[in-house]
Amino acid sequence: MLEPFISCYKGILVAGVDEVGRGPLAGDVVTAAVILDPDKPIIGLDDSKKLSEKKRDLLFELIIDNALSWSIARCSVEEIDSLNILQASLLAMKRAVESLDVQPEHVLVDGNKIPQWDYNAEAVIKGDSRVAAIGAASILAKVTRDREMIAYDKEYPGYGFAKHKGYPTQQHRDAIKLLGITEIHRKSYGPVDAIIKQQRLL
């Protein structure tokens with residue numbers, strides 16, 4: 001069983017990878033991969049969902065400045081609608097790891113599935129709260145995606161993206177019923193698809 005927040009694993013270069021944004025009705029799914037530097041430990045890493053926004057922002061900068069290597073990748077709304085969210089998430093994880101400027105010898109993936117790739121890897125259930133590198137990846141991915149949704153709030157006023165980050169809250173559902181869908185909405189998702197079908201009947 002893995003120790004909480006291990007940063008070294010069997011003496012080899014290990015990357016942690018995680019995704020953010022499977023559940024939202026809008027926006028890309030964002031992933032990150034991180035190889036931590038054992039000589040530059042980062043205190044306070046945890047599952048990004050358990051941290052305050054202020055703490056995540058602080059750790060984001062520490063990870064960028066101190067990790068041995070890091071990368072951020074994504075799959076677009078169009079890719080999500082084409083592939084389905086699971087396959088899009090796995091593809092985005094693959095892109096994140098392949099984009100690392102230092103390539104890992106082993107990859108620890110949050111969750112219970114591993115992308116199709118040639119890396120030695122293993123899935124770690126609740127890895128973002130058990131493995132330091134995965135926790136770091138979850139922070140990079142969440143801060144990146146949250147900032148993008150805040151920017152979309154200005155581009156698409158009235159939807160509340162800055163508040164709910166695209167997740168299917170009642171506010172968001174009411175907004176798409178009133179205002180319609182945008183270019184960043186996932187058309188394959190039930191509540192969005194229902195609005196599209198409704199509009200076709202008008």
# chains A, B, ... in the order shown; residues from 1 in each chain; ligands from 1
call {"tool": "residues_around", "arguments": {"residues": "A:Thr31", "least_positions_apart": "2", "cutoff": "12 Å", "atoms": "only C-alpha atoms", "output": "JSON, numbers by chain"}}
result
{"A": [16, 17, 18, 19, 20, 21, 22, 28, 29, 33, 34, 70, 71, 72, 73, 74, 75, 76, 88, 89, 90, 91, 92, 93, 94, 95, 96, 97, 98, 99, 109, 110, 134, 135, 136, 137, 138, 139, 140, 141, 142, 143, 144, 145]}
call {"tool": "select_by_dssp", "arguments": {"residues": "stretch 64-189 of chain A", "states": "strand (DSSP E or B)", "output": "number ranges by chain"}}
result
A: 69-75, 106-110, 121-124, 131, 185
call {"tool": "write_last_selection", "arguments": {"atoms": "all heavy atoms", "output": "CSV table (one decimal), in the first residue's frame"}}
result
chain,number,residue,atom,x,y,z
A,69,SER,N,9.8,18.5,-13.4
A,69,SER,CA,9.2,18.7,-14.7
A,69,SER,C,7.7,18.8,-14.5
A,69,SER,O,7.2,18.1,-13.6
A,69,SER,CB,9.6,17.6,-15.6
A,69,SER,OG,9.0,17.8,-16.9
A,70,TRP,N,7.0,19.5,-15.3
A,70,TRP,CA,5.5,19.6,-15.2
A,70,TRP,C,5.0,20.0,-16.6
A,70,TRP,O,5.7,20.5,-17.4
A,70,TRP,CB,5.1,20.6,-14.2
A,70,TRP,CG,5.5,22.0,-14.5
A,70,TRP,CD1,6.6,22.6,-14.1
A,70,TRP,CD2,4.8,23.0,-15.3
A,70,TRP,NE1,6.7,23.9,-14.6
A,70,TRP,CE2,5.6,24.2,-15.3
A,70,TRP,CE3,3.6,23.0,-16.0
A,70,TRP,CZ2,5.2,25.3,-16.0
A,70,TRP,CZ3,3.2,24.1,-16.7
A,70,TRP,CH2,4.0,25.3,-16.7
A,71,SER,N,3.8,19.6,-16.8
A,71,SER,CA,3.1,19.9,-18.1
A,71,SER,C,1.6,19.9,-17.9
A,71,SER,O,1.1,19.3,-17.0
A,71,SER,CB,3.4,19.0,-19.2
A,71,SER,OG,2.9,17.7,-19.0
A,72,ILE,N,0.9,20.7,-18.7
A,72,ILE,CA,-0.6,20.8,-18.6
A,72,ILE,C,-1.1,20.5,-20.0
A,72,ILE,O,-0.5,21.0,-21.0
A,72,ILE,CB,-1.0,22.2,-18.2
A,72,ILE,CG1,-0.6,22.4,-16.7
A,72,ILE,CG2,-2.5,22.3,-18.3
A,72,ILE,CD1,-0.7,23.8,-16.2
A,73,ALA,N,-2.1,19.7,-20.1
A,73,ALA,CA,-2.7,19.3,-21.4
A,73,ALA,C,-4.2,19.3,-21.3
A,73,ALA,O,-4.8,19.5,-20.2
A,73,ALA,CB,-2.1,18.0,-21.9
A,74,ARG,N,-4.9,19.0,-22.4
A,74,ARG,CA,-6.3,19.0,-22.4
A,74,ARG,C,-6.9,18.2,-23.5
A,74,ARG,O,-6.2,17.9,-24.5
A,74,ARG,CB,-6.8,20.5,-22.5
A,74,ARG,CG,-6.5,21.1,-23.9
A,74,ARG,CD,-6.8,22.6,-23.9
A,74,ARG,NE,-6.0,23.3,-22.9
A,74,ARG,CZ,-6.5,24.0,-21.9
A,74,ARG,NH1,-7.9,24.0,-21.7
A,74,ARG,NH2,-5.8,24.6,-21.0
A,75,CYS,N,-8.2,18.0,-23.5
A,75,CYS,CA,-9.0,17.7,-24.6
A,75,CYS,C,-10.1,18.7,-24.7
A,75,CYS,O,-10.7,19.1,-23.7
A,75,CYS,CB,-9.6,16.3,-24.5
A,75,CYS,SG,-8.6,15.0,-25.3
A,106,HIS,N,8.3,5.8,-14.7
A,106,HIS,CA,7.1,5.2,-14.1
A,106,HIS,C,6.0,6.3,-14.0
A,106,HIS,O,6.4,7.5,-13.7
A,106,HIS,CB,7.4,4.5,-12.8
A,106,HIS,CG,6.3,3.6,-12.3
A,106,HIS,ND1,6.1,2.4,-12.9
A,106,HIS,CD2,5.3,3.8,-11.4
A,106,HIS,CE1,5.0,1.8,-12.3
A,106,HIS,NE2,4.5,2.6,-11.4
A,107,VAL,N,4.8,6.0,-14.2
A,107,VAL,CA,3.7,7.0,-14.1
A,107,VAL,C,2.6,6.4,-13.1
A,107,VAL,O,2.2,5.3,-13.2
A,107,VAL,CB,3.0,7.3,-15.4
A,107,VAL,CG1,2.0,8.4,-15.3
A,107,VAL,CG2,4.1,7.7,-16.5
A,108,LEU,N,2.2,7.3,-12.2
A,108,LEU,CA,1.1,7.0,-11.3
A,108,LEU,C,-0.1,7.8,-11.7
A,108,LEU,O,0.0,9.0,-11.7
A,108,LEU,CB,1.5,7.3,-9.8
A,108,LEU,CG,2.7,6.5,-9.3
A,108,LEU,CD1,3.1,7.0,-7.9
A,108,LEU,CD2,2.4,5.0,-9.3
A,109,VAL,N,-1.2,7.1,-12.0
A,109,VAL,CA,-2.3,7.8,-12.6
A,109,VAL,C,-3.5,7.8,-11.6
A,109,VAL,O,-3.8,6.7,-11.0
A,109,VAL,CB,-2.8,7.1,-13.9
A,109,VAL,CG1,-4.0,7.7,-14.5
A,109,VAL,CG2,-1.7,7.0,-14.9
A,110,ASP,N,-4.1,8.9,-11.3
A,110,ASP,CA,-5.2,9.0,-10.4
A,110,ASP,C,-6.4,8.2,-11.0
A,110,ASP,O,-6.7,8.3,-12.2
A,110,ASP,CB,-5.6,10.4,-10.1
A,110,ASP,CG,-6.7,10.5,-9.1
A,110,ASP,OD1,-6.5,10.0,-8.0
A,110,ASP,OD2,-7.8,11.1,-9.4
A,121,ALA,N,3.3,2.0,-15.8
A,121,ALA,CA,2.3,2.8,-15.1
A,121,ALA,C,1.4,2.0,-14.2
A,121,ALA,O,1.3,0.7,-14.4
A,121,ALA,CB,1.5,3.6,-16.0
A,122,GLU,N,0.8,2.6,-13.2
A,122,GLU,CA,-0.2,2.0,-12.4
A,122,GLU,C,-1.3,3.0,-12.0
A,122,GLU,O,-1.0,4.2,-11.8
A,122,GLU,CB,0.4,1.3,-11.2
A,122,GLU,CG,1.1,2.2,-10.2
A,122,GLU,CD,1.8,1.4,-9.2
A,122,GLU,OE1,1.1,0.9,-8.3
A,122,GLU,OE2,3.1,1.3,-9.2
A,123,ALA,N,-2.5,2.6,-11.9
A,123,ALA,CA,-3.6,3.4,-11.4
A,123,ALA,C,-3.6,3.4,-9.9
A,123,ALA,O,-3.4,2.4,-9.3
A,123,ALA,CB,-4.9,2.9,-12.0
A,124,VAL,N,-3.9,4.6,-9.3
A,124,VAL,CA,-4.0,4.7,-7.9
A,124,VAL,C,-5.3,5.3,-7.5
A,124,VAL,O,-5.6,6.5,-7.8
A,124,VAL,CB,-2.8,5.6,-7.3
A,124,VAL,CG1,-2.9,5.6,-5.8
A,124,VAL,CG2,-1.5,5.1,-7.8
A,131,VAL,N,-0.7,10.4,-3.1
A,131,VAL,CA,0.6,10.5,-3.8
A,131,VAL,C,0.9,11.9,-4.1
A,131,VAL,O,0.1,12.6,-4.7
A,131,VAL,CB,0.6,9.7,-5.1
A,131,VAL,CG1,2.0,9.8,-5.8
A,131,VAL,CG2,0.3,8.2,-4.8
A,185,HIS,N,-20.1,24.7,-24.5
A,185,HIS,CA,-20.9,23.6,-23.9
A,185,HIS,C,-20.7,22.3,-24.6
A,185,HIS,O,-20.5,22.2,-25.8
A,185,HIS,CB,-22.4,24.0,-23.9
A,185,HIS,CG,-22.8,24.9,-22.8
A,185,HIS,ND1,-22.9,26.3,-23.0
A,185,HIS,CD2,-23.0,24.7,-21.5
A,185,HIS,CE1,-23.2,26.9,-21.9
A,185,HIS,NE2,-23.3,25.9,-20.9
call {"tool": "select_by_dssp", "arguments": {"residues": "stretch 27-182 of chain A", "states": "alpha helix (DSSP H)", "output": "ChimeraX atom specification"}}
result
/A:53-66,77-83,85-98,132-155,161-164,170-179
call {"tool": "closest_residue", "arguments": {"among": "A:Pro157, A:Pro168, A:Pro115, A:Pro38", "to": "A:Gly11", "atoms": "only C-alpha atoms"}}
result
A:Pro38
